[in-house]
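Student: Next up, data.txt (compact mmCIF, C-alpha atoms and all ligand atoms).
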```
# COMPACT_ATOMS: atom_id res chain seq x y z
CA MET A 1 0.00 0.00 0.00
CA ARG A 2 1.40 3.36 -0.95
CA ASP A 3 1.64 6.02 1.78
CA SER A 4 -0.40 8.39 -0.31
CA HIS A 5 -3.48 6.26 0.33
CA GLY A 6 -3.44 6.75 4.06
CA GLY A 7 -6.09 9.45 3.96
CA GLN A 8 -4.22 12.70 4.47
CA GLY A 9 -2.01 12.03 1.47
CA LEU A 10 -4.91 11.79 -0.97
CA PHE A 11 -5.60 15.12 -2.55
CA ALA A 12 -8.39 16.43 -4.69
CA LEU A 13 -7.36 18.36 -7.77
CA SER A 14 -10.45 20.49 -7.83
CA ASP A 15 -13.27 21.02 -5.42
CA ASP A 16 -15.19 23.04 -8.01
CA PRO A 17 -18.32 21.17 -9.08
CA VAL A 18 -19.93 21.49 -12.48
CA SER A 19 -23.48 22.58 -11.80
CA LEU A 20 -26.05 20.13 -13.16
CA PRO A 21 -29.55 21.52 -12.66
CA LEU A 22 -32.03 18.71 -12.01
CA GLU A 23 -35.75 19.17 -11.40
CA ASP A 24 -36.90 17.18 -8.33
CA GLY A 25 -33.34 16.31 -7.35
CA SER A 26 -29.79 17.50 -6.89
CA LEU A 27 -26.59 16.52 -8.70
CA SER A 28 -23.05 17.86 -8.32
CA TYR A 29 -20.26 16.65 -10.56
CA PHE A 30 -16.54 17.11 -9.85
CA PRO A 31 -14.80 16.16 -13.12
CA CYS A 32 -11.26 16.16 -11.70
CA PHE A 33 -11.86 15.10 -8.12
CA PHE A 34 -8.57 13.17 -8.27
CA SER A 35 -5.66 14.03 -10.51
CA GLU A 36 -4.98 11.62 -13.36
CA ALA A 37 -1.93 10.17 -11.58
CA GLU A 38 -3.87 9.65 -8.34
CA ALA A 39 -6.82 8.14 -10.19
CA ASP A 40 -4.48 5.77 -12.09
CA ALA A 41 -2.97 4.55 -8.80
CA LEU A 42 -6.38 4.21 -7.11
CA PHE A 43 -7.73 2.27 -10.09
CA ASP A 44 -4.84 -0.23 -9.96
CA ASP A 45 -5.07 -0.61 -6.19
CA CYS A 46 -8.84 -1.16 -6.25
CA LEU A 47 -8.61 -3.60 -9.16
CA HIS A 48 -5.97 -5.70 -7.43
CA SER A 49 -6.91 -5.46 -3.76
CA LEU A 50 -10.72 -5.46 -3.51
CA ALA A 51 -12.50 -8.79 -3.03
CA TRP A 52 -14.38 -8.79 -6.33
CA ARG A 53 -17.07 -11.41 -6.69
CA GLN A 54 -19.47 -12.54 -9.37
CA ASP A 55 -22.95 -12.50 -7.86
CA SER A 56 -25.99 -14.08 -9.48
CA LEU A 57 -29.72 -13.51 -9.30
CA ARG A 58 -32.16 -16.41 -9.12
CA ILE A 59 -34.76 -15.81 -11.81
CA ALA A 60 -37.38 -18.48 -12.50
CA ASP A 61 -35.21 -21.14 -10.87
CA ARG A 62 -32.15 -20.19 -12.91
CA LEU A 63 -29.05 -18.45 -11.59
CA ILE A 64 -28.25 -15.47 -13.84
CA PRO A 65 -24.86 -13.77 -13.27
CA ILE A 66 -25.19 -9.99 -12.87
CA PRO A 67 -23.28 -8.15 -15.64
CA ARG A 68 -20.45 -6.83 -13.45
CA LEU A 69 -18.31 -7.79 -10.47
CA GLN A 70 -19.06 -6.21 -7.12
CA CYS A 71 -18.15 -6.13 -3.44
CA TRP A 72 -19.49 -4.39 -0.36
CA TYR A 73 -17.42 -2.86 2.43
CA GLY A 74 -18.62 -1.04 5.53
CA ASP A 75 -19.09 -0.78 9.26
CA THR A 76 -20.37 -3.82 11.11
CA GLY A 77 -24.15 -4.05 10.74
CA THR A 78 -24.39 -2.27 7.38
CA ASP A 79 -26.02 -5.22 5.64
CA TYR A 80 -27.59 -4.15 2.35
CA SER A 81 -30.10 -5.86 0.10
CA TYR A 82 -31.07 -4.95 -3.45
CA SER A 83 -32.69 -6.96 -6.22
CA ARG A 84 -32.91 -9.90 -3.80
CA LEU A 85 -29.12 -9.87 -3.29
CA LYS A 86 -28.03 -9.65 0.33
CA LEU A 87 -24.62 -8.08 0.88
CA THR A 88 -22.77 -8.44 4.19
CA PRO A 89 -20.00 -5.87 4.64
CA LEU A 90 -16.32 -6.69 4.51
CA PRO A 91 -14.25 -4.56 6.93
CA TRP A 92 -12.88 -1.25 5.61
CA THR A 93 -9.40 -1.41 4.09
CA ASP A 94 -6.86 1.44 4.42
CA LEU A 95 -7.32 2.16 0.72
CA LEU A 96 -11.11 2.56 0.99
CA GLN A 97 -10.88 4.52 4.26
CA GLY A 98 -8.49 6.95 2.57
CA ILE A 99 -10.83 7.50 -0.35
CA ARG A 100 -13.81 7.79 2.01
CA SER A 101 -12.11 10.60 3.98
CA ARG A 102 -11.66 12.65 0.81
CA VAL A 103 -15.22 12.01 -0.37
CA GLU A 104 -16.66 12.89 3.05
CA ALA A 105 -14.69 16.15 3.18
CA CYS A 106 -15.98 17.17 -0.24
CA SER A 107 -19.60 16.15 0.26
CA GLU A 108 -19.77 17.26 3.92
CA HIS A 109 -21.56 13.99 4.60
CA ALA A 110 -20.62 10.83 6.52
CA PHE A 111 -20.69 7.41 4.85
CA ASN A 112 -20.59 4.02 6.59
CA ALA A 113 -20.48 1.71 3.57
CA VAL A 114 -19.40 1.53 -0.05
CA LEU A 115 -20.59 -0.58 -2.98
CA ALA A 116 -17.78 -1.26 -5.44
CA ASN A 117 -18.64 -2.22 -9.02
CA CYS A 118 -16.19 -3.43 -11.64
CA TYR A 119 -17.34 -3.21 -15.27
CA ARG A 120 -14.85 -5.44 -17.06
CA ASP A 121 -15.62 -3.84 -20.43
CA GLY A 122 -18.58 -2.31 -22.28
CA ARG A 123 -20.54 -5.57 -22.09
CA ASP A 124 -20.95 -4.97 -18.35
CA SER A 125 -23.64 -2.59 -17.14
CA VAL A 126 -26.19 -1.75 -14.48
CA ASP A 127 -29.85 -1.51 -15.48
CA TRP A 128 -32.42 1.18 -14.61
CA HIS A 129 -32.89 1.48 -10.86
CA SER A 130 -32.97 3.95 -7.97
CA ASP A 131 -30.89 3.63 -4.83
CA ASP A 132 -34.03 3.73 -2.74
CA GLU A 133 -33.81 0.72 -0.44
CA PRO A 134 -35.31 1.41 3.01
CA GLU A 135 -31.93 1.19 4.78
CA LEU A 136 -30.75 4.25 2.75
CA GLY A 137 -33.52 6.51 4.09
CA ARG A 138 -35.83 8.90 2.23
CA GLN A 139 -33.26 11.38 0.86
CA PRO A 140 -29.97 9.49 0.64
CA VAL A 141 -26.72 11.19 -0.29
CA ILE A 142 -24.87 8.90 -2.71
CA ALA A 143 -21.30 9.84 -3.68
CA SER A 144 -20.08 7.99 -6.75
CA LEU A 145 -16.39 7.86 -7.67
CA SER A 146 -15.42 6.74 -11.19
CA LEU A 147 -12.04 5.22 -12.05
CA GLY A 148 -10.93 3.80 -15.40
CA ALA A 149 -12.83 3.85 -18.69
CA ALA A 150 -15.18 6.83 -19.10
CA ARG A 151 -18.77 5.54 -19.34
CA CYS A 152 -22.13 7.11 -20.03
CA PHE A 153 -24.46 7.46 -17.01
CA GLU A 154 -28.13 8.14 -17.69
CA LEU A 155 -30.96 9.43 -15.53
CA LYS A 156 -34.67 9.48 -16.35
CA HIS A 157 -37.56 10.89 -14.34
CA ARG A 158 -40.01 8.29 -13.03
CA SER A 159 -43.21 10.17 -13.86
CA LYS A 160 -42.55 13.49 -15.68
CA ARG A 161 -42.26 12.22 -19.23
CA HIS A 162 -41.70 15.76 -20.62
CA LEU A 163 -38.33 15.94 -18.82
CA LYS A 164 -35.52 14.82 -21.09
CA PRO A 165 -33.34 11.96 -19.82
CA LEU A 166 -29.93 13.22 -18.73
CA LYS A 167 -26.73 11.68 -20.09
CA LEU A 168 -23.39 12.32 -18.40
CA THR A 169 -19.98 10.94 -19.23
CA LEU A 170 -18.36 9.95 -15.94
CA ALA A 171 -14.64 10.61 -16.31
CA HIS A 172 -11.65 8.84 -14.73
CA GLY A 173 -11.15 10.41 -11.28
CA SER A 174 -14.53 12.14 -11.20
CA LEU A 175 -17.05 12.32 -8.35
CA LEU A 176 -20.82 12.57 -8.82
CA ILE A 177 -22.95 13.38 -5.76
CA MET A 178 -26.70 12.66 -5.84
CA ARG A 179 -28.77 14.23 -3.06
CA ALA A 180 -32.24 15.27 -1.87
CA ASP A 181 -35.11 13.67 -3.84
CA THR A 182 -32.96 12.34 -6.70
CA GLN A 183 -33.50 8.67 -5.79
CA HIS A 184 -37.21 9.22 -5.15
CA HIS A 185 -37.99 10.81 -8.52
CA TRP A 186 -35.26 9.56 -10.87
CA ARG A 187 -33.89 6.22 -12.03
CA HIS A 188 -30.36 5.81 -13.33
CA ARG A 189 -28.37 3.24 -15.28
CA LEU A 190 -25.01 2.59 -16.85
CA PRO A 191 -25.86 1.12 -20.27
CA LYS A 192 -23.82 -1.41 -22.19
CA ASP A 193 -21.48 0.11 -24.78
CA PRO A 194 -19.85 -2.35 -27.18
CA THR A 195 -17.23 0.25 -28.17
CA ILE A 196 -15.65 0.18 -24.68
CA THR A 197 -12.90 -2.40 -24.25
CA ALA A 198 -11.28 -1.13 -21.01
CA PRO A 199 -12.47 -1.74 -17.44
CA ARG A 200 -14.11 0.77 -15.13
CA ILE A 201 -14.44 0.78 -11.34
CA ASN A 202 -17.16 2.68 -9.54
CA LEU A 203 -17.34 3.22 -5.78
CA THR A 204 -20.69 4.45 -4.43
CA PHE A 205 -20.44 5.63 -0.84
CA ARG A 206 -23.64 5.32 1.15
CA GLN A 207 -24.98 5.84 4.70
CA ILE A 208 -26.87 2.76 5.85
CA THR A 209 -29.27 2.71 8.77
CA PRO A 210 -29.23 -0.87 10.01
CA ARG A 211 -32.72 -2.44 9.82
CA GLY A 212 -34.47 -1.99 13.13
CA GLY A 213 -31.93 0.75 13.96
CA ALA A 214 -32.49 4.45 14.60
O1 LIG B 301 -21.41 2.57 -12.00
C1 LIG B 301 -22.09 3.58 -11.81
O2 LIG B 301 -21.73 4.70 -12.15
C2 LIG B 301 -23.44 3.44 -11.15
C3 LIG B 301 -23.56 2.30 -10.19
C4 LIG B 301 -24.87 2.30 -9.49
O3 LIG B 301 -25.78 3.00 -9.85
C5 LIG B 301 -25.06 1.45 -8.32
O4 LIG B 301 -24.20 0.63 -7.97
O5 LIG B 301 -26.12 1.58 -7.67
MN MN B 302 -27.36 3.17 -8.30
```
Once more with this new file: its structure as structure tokens, please.
Ligand SMILES: O=C(O)CCC(=O)C(=O)O
Ligand SMILES: [Mn+2]
Tutor:
Amino acid sequence: MRDSHGGQGLFALSDDPVSLPLEDGSLSYFPCFFSEAEADALFDDCLHSLAWRQDSLRIADRLIPIPRLQCWYGDTGTDYSYSRLKLTPLPWTDLLQGIRSRVEACSEHAFNAVLANCYRDGRDSVDWHSDDEPELGRQPVIASLSLGAARCFELKHRSKRHLKPLKLTLAHGSLLIMRADTQHHWRHRLPKDPTITAPRINLTFRQITPRGGA
């Protein structure tokens, strides 16, 4: 582990967000949250040190692999379920703690868990969904760090059909923060893109209220 990942050593190149007006929600995008050199090192470290796993969904008695690798890290008790997948947290690593400190300082929000996704190439994806599971609360703050291949991220409003879907290219080293009613009113996805041959890693930091907890 390089010293620069101990927390203090990580630096953000720019804390200036690009303003992305969103009706019924709130988005801030920091295109150069980490410098290219820092993002390169973080990408390699995440790729090689996180406990990537291939999860599957049971659909009509068949096990269907989800189109990406993933892993879940967090405080004890931050179990998380989505699409009938139950994730039990692995303990924080120094690498993830260091990234979390930087993301918390920028977003002025505390996070107790992170979902890591690895899209091996453009055949991997995540389908339309909202991060609206009960353990995330009514107005979750989700901070999403992108490392590796730039990919298109799309949002569409659940009910207001006249609002155009939004398409953003999430750059290497960028941070997207979704707040307020975004998860309540909007769905998002990362579509497949056959032109992409390189991998991408995404870390979405979340604050989980354990079920039955305060
Ligand atoms: O990879 C991304 O940018 C989005 C991932 C996502 O939406 C999720 O894991 O809930
Ligand atoms: Mn999501």
Student: Would you kindly return, as JSON, numbers by chain, each protein, DNA or RNA residue with an atom no farther than 6 Å from any atom of range 59-69 of chain A, considering only C-alpha atoms and excluding same-chain residues fewer than 4 positions away?
Tutor: {"A": [52, 53, 54, 55, 117, 118, 119, 124, 125]}
Student: Using only C-alpha atoms, please write the residues we just selected to a file, as a PDB file, in the frame of the given file.
Tutor:
```
ATOM      1  CA  TRP A  52     -14.380  -8.790  -6.330  1.00  0.00           C
ATOM      2  CA  ARG A  53     -17.070 -11.410  -6.690  1.00  0.00           C
ATOM      3  CA  GLN A  54     -19.470 -12.540  -9.370  1.00  0.00           C
ATOM      4  CA  ASP A  55     -22.950 -12.500  -7.860  1.00  0.00           C
ATOM      5  CA  ASN A 117     -18.640  -2.220  -9.020  1.00  0.00           C
ATOM      6  CA  CYS A 118     -16.190  -3.430 -11.640  1.00  0.00           C
ATOM      7  CA  TYR A 119     -17.340  -3.210 -15.270  1.00  0.00           C
ATOM      8  CA  ASP A 124     -20.950  -4.970 -18.350  1.00  0.00           C
ATOM      9  CA  SER A 125     -23.640  -2.590 -17.140  1.00  0.00           C
TER      10      SER A 125
END
```
Student: Which residues are close to range 187-190 of chain A, i.e. within 12 Å by only C-alpha atoms, leaving aside same-chain residues fewer than 5 positions away? Reply as a short mmCIF file (atom, residue, chain, number, x, y, z; two decimals) with C-alpha atoms, in the coordinates of the input.
Tutor:
```
data_model
loop_
_atom_site.label_atom_id
_atom_site.label_comp_id
_atom_site.auth_asym_id
_atom_site.auth_seq_id
_atom_site.Cartn_x
_atom_site.Cartn_y
_atom_site.Cartn_z
CA ASP A 24 -36.90 17.18 -8.33
CA GLY A 25 -33.34 16.31 -7.35
CA PRO A 67 -23.28 -8.15 -15.64
CA ARG A 68 -20.45 -6.83 -13.45
CA ASN A 117 -18.64 -2.22 -9.02
CA CYS A 118 -16.19 -3.43 -11.64
CA TYR A 119 -17.34 -3.21 -15.27
CA ASP A 121 -15.62 -3.84 -20.43
CA GLY A 122 -18.58 -2.31 -22.28
CA ARG A 123 -20.54 -5.57 -22.09
CA ASP A 124 -20.95 -4.97 -18.35
CA SER A 125 -23.64 -2.59 -17.14
CA VAL A 126 -26.19 -1.75 -14.48
CA ASP A 127 -29.85 -1.51 -15.48
CA TRP A 128 -32.42 1.18 -14.61
CA HIS A 129 -32.89 1.48 -10.86
CA SER A 130 -32.97 3.95 -7.97
CA ASP A 131 -30.89 3.63 -4.83
CA ASP A 132 -34.03 3.73 -2.74
CA SER A 146 -15.42 6.74 -11.19
CA ALA A 150 -15.18 6.83 -19.10
CA ARG A 151 -18.77 5.54 -19.34
CA CYS A 152 -22.13 7.11 -20.03
CA PHE A 153 -24.46 7.46 -17.01
CA GLU A 154 -28.13 8.14 -17.69
CA LEU A 155 -30.96 9.43 -15.53
CA LYS A 156 -34.67 9.48 -16.35
CA HIS A 157 -37.56 10.89 -14.34
CA ARG A 158 -40.01 8.29 -13.03
CA SER A 159 -43.21 10.17 -13.86
CA LYS A 160 -42.55 13.49 -15.68
CA PRO A 165 -33.34 11.96 -19.82
CA LEU A 166 -29.93 13.22 -18.73
CA LYS A 167 -26.73 11.68 -20.09
CA LEU A 168 -23.39 12.32 -18.40
CA THR A 169 -19.98 10.94 -19.23
CA LEU A 170 -18.36 9.95 -15.94
CA MET A 178 -26.70 12.66 -5.84
CA ASP A 181 -35.11 13.67 -3.84
CA THR A 182 -32.96 12.34 -6.70
CA ARG A 200 -14.11 0.77 -15.13
CA ASN A 202 -17.16 2.68 -9.54
#
```
Student: May I ask which of the residues A:Arg206, A:His48, A:Arg102, A:Lys192 is the closest one to ligand MN 302 (chain B), counting only C-alpha atoms and all ligand atoms?
Tutor: A:Arg206
Student: Find the residues near Ala149 in chain A: any atom within 7 Å, counting all atoms listed in the file, skip ones fewer than 6 places away on the same chain, and give them as a ChimeraX atom specification.
Tutor: /A:172,198-200
Student: So the first atom is CA of Pro21 in chain A and the second is CA of Asp193 in chain A; what is the distance between them in Å, to one decimal place?
Tutor: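 Taking CA of Pro21 in chain A as the start and CA of Asp193 in chain A as the end point, the length is 25.9 Å.
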Student: Taking only C-alpha atoms into account, which of A:Val114, A:Leu163, A:Ala180, A:Ile196 comes nearest Val141 in chain A?
Tutor: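 Distance minimum relative to Val141 in chain A lands on A:Ala180.
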Student: Excluding same-chain residues fewer than 6 positions from Ser144 in chain A, what lies within 9 Å of it counting all atoms listed in the file, as number ranges by chain?
Tutor: A: 103, 174-178, 202-205
Student: Would you mind reading off the distance between CA of Glu23 in chain A and atom O4 of ligand LIG 301 (chain B), one decimal, in Å?
Tutor: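 Interatomic distance, CA of Glu23 in chain A to atom O4 of ligand LIG 301 (chain B): 22.1 Å.
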Student: Ranking A:Gly148, A:Pro210, A:Pro31, A:Pro17 by minimum distance to Tyr80 in chain A and counting all atoms listed in the file, which one comes first?
Tutor: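 The shortest atom-to-atom distance to Tyr80 in chain A comes from A:Pro210.
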Student: Using only C-alpha atoms, which residue out of A:Thr93, A:Ser49, A:Ser35, A:Asn112 lies closest to Thr76 in chain A?
Tutor: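 Residue with the minimum atom-to-atom distance to Thr76 in chain A: A:Asn112.
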Student: Find, counting only C-alpha atoms and all ligand atoms, the residue in A:Leu57, A:Leu96, A:Cys71, A:Ala51 that gets nearest to ligand LIG 301 (chain B).
Tutor: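 Closest to ligand LIG 301 (chain B), using only C-alpha atoms and all ligand atoms: A:Cys71.
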Student: Could you tell me which of A:Ser83, A:Pro89, A:Arg120, A:Ile99 comes closest to ligand MN 302 (chain B) if we count only C-alpha atoms and all ligand atoms?
Tutor: A:Ser83
Student: Can you tell me, as a VMD selection string, what residues are no more than 9 Å from Leu42 in chain A when counting only C-alpha atoms, ignoring any on the same chain fewer than 2 positions away?
Tutor: chain A and resid 5 37 to 40 44 to 47 95 99 147 173
Student: What does the distance between CA of Trp72 in chain A and CA of Phe34 in chain A come to in Å, to one decimal place?
Tutor: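 Interatomic distance here is 22.1 Å.
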Student: Can you tell me, as lines of an AutoDock Vina configuration file, the centre and edge lengths (Å, one decimal) of the axis-aligned box enclosing all of ligand LIG 301 (chain B)'s listed atoms after padding each side by 6 Å?
Tutor:
```
center_x = -23.8
center_y = 2.7
center_z = -9.9
size_x = 16.7
size_y = 16.1
size_z = 16.5
```
Student: Given the point (-13.7, 9.0, 7.7) in the file's coordinates, find the residues that have an atom at most 12 Å from it, counting only C-alpha atoms, and give them as an MDAnalysis selection string.
Tutor: chainID A and resid 6:8 74:75 92:113 205
Student: Could you give me range 89-114 of chain A completed to N, CA and C atoms, formatted as a CSV table (one decimal), keeping the file's coordinate frame?
Tutor:
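Below is the file result.csv, written as the result:
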```csv
chain,number,residue,atom,x,y,z
A,89,PRO,N,-21.2,-6.7,4.9
A,89,PRO,CA,-20.0,-5.9,4.6
A,89,PRO,C,-18.7,-6.6,5.0
A,90,LEU,N,-17.7,-6.4,4.2
A,90,LEU,CA,-16.3,-6.7,4.5
A,90,LEU,C,-15.8,-5.5,5.3
A,91,PRO,N,-14.8,-5.7,6.2
A,91,PRO,CA,-14.2,-4.6,6.9
A,91,PRO,C,-13.5,-3.6,6.0
A,92,TRP,N,-13.6,-2.3,6.4
A,92,TRP,CA,-12.9,-1.2,5.6
A,92,TRP,C,-11.4,-1.6,5.4
A,93,THR,N,-10.9,-1.3,4.3
A,93,THR,CA,-9.4,-1.4,4.1
A,93,THR,C,-8.8,0.0,4.2
A,94,ASP,N,-7.5,0.1,4.4
A,94,ASP,CA,-6.9,1.4,4.4
A,94,ASP,C,-7.1,2.2,3.1
A,95,LEU,N,-7.1,1.5,2.0
A,95,LEU,CA,-7.3,2.2,0.7
A,95,LEU,C,-8.7,2.8,0.7
A,96,LEU,N,-9.7,2.0,1.1
A,96,LEU,CA,-11.1,2.6,1.0
A,96,LEU,C,-11.4,3.6,2.1
A,97,GLN,N,-10.7,3.5,3.2
A,97,GLN,CA,-10.9,4.5,4.3
A,97,GLN,C,-10.3,5.8,3.8
A,98,GLY,N,-9.1,5.7,3.1
A,98,GLY,CA,-8.5,7.0,2.6
A,98,GLY,C,-9.4,7.7,1.5
A,99,ILE,N,-10.0,6.9,0.7
A,99,ILE,CA,-10.8,7.5,-0.4
A,99,ILE,C,-12.1,8.1,0.3
A,100,ARG,N,-12.6,7.3,1.3
A,100,ARG,CA,-13.8,7.8,2.0
A,100,ARG,C,-13.6,9.1,2.7
A,101,SER,N,-12.4,9.3,3.3
A,101,SER,CA,-12.1,10.6,4.0
A,101,SER,C,-12.2,11.8,3.0
A,102,ARG,N,-11.7,11.6,1.8
A,102,ARG,CA,-11.7,12.6,0.8
A,102,ARG,C,-13.1,12.9,0.3
A,103,VAL,N,-13.8,11.9,0.1
A,103,VAL,CA,-15.2,12.0,-0.4
A,103,VAL,C,-16.1,12.7,0.7
A,104,GLU,N,-15.9,12.3,2.0
A,104,GLU,CA,-16.7,12.9,3.0
A,104,GLU,C,-16.4,14.4,3.2
A,105,ALA,N,-15.1,14.7,3.0
A,105,ALA,CA,-14.7,16.2,3.2
A,105,ALA,C,-15.4,17.0,2.1
A,106,CYS,N,-15.4,16.4,0.9
A,106,CYS,CA,-16.0,17.2,-0.2
A,106,CYS,C,-17.5,17.3,-0.1
A,107,SER,N,-18.1,16.2,0.3
A,107,SER,CA,-19.6,16.2,0.3
A,107,SER,C,-20.2,16.7,1.6
A,108,GLU,N,-19.3,16.9,2.6
A,108,GLU,CA,-19.8,17.3,3.9
A,108,GLU,C,-20.9,16.3,4.4
A,109,HIS,N,-20.6,15.0,4.2
A,109,HIS,CA,-21.6,14.0,4.6
A,109,HIS,C,-20.8,12.8,5.0
A,110,ALA,N,-21.3,12.0,6.0
A,110,ALA,CA,-20.6,10.8,6.5
A,110,ALA,C,-21.2,9.6,5.8
A,111,PHE,N,-20.3,8.7,5.5
A,111,PHE,CA,-20.7,7.4,4.8
A,111,PHE,C,-20.2,6.2,5.7
A,112,ASN,N,-21.0,5.2,5.8
A,112,ASN,CA,-20.6,4.0,6.6
A,112,ASN,C,-20.5,2.8,5.7
A,113,ALA,N,-20.6,2.9,4.4
A,113,ALA,CA,-20.5,1.7,3.6
A,113,ALA,C,-20.2,2.2,2.1
A,114,VAL,N,-19.7,1.2,1.4
A,114,VAL,CA,-19.4,1.5,0.0
A,114,VAL,C,-19.7,0.3,-0.9
```
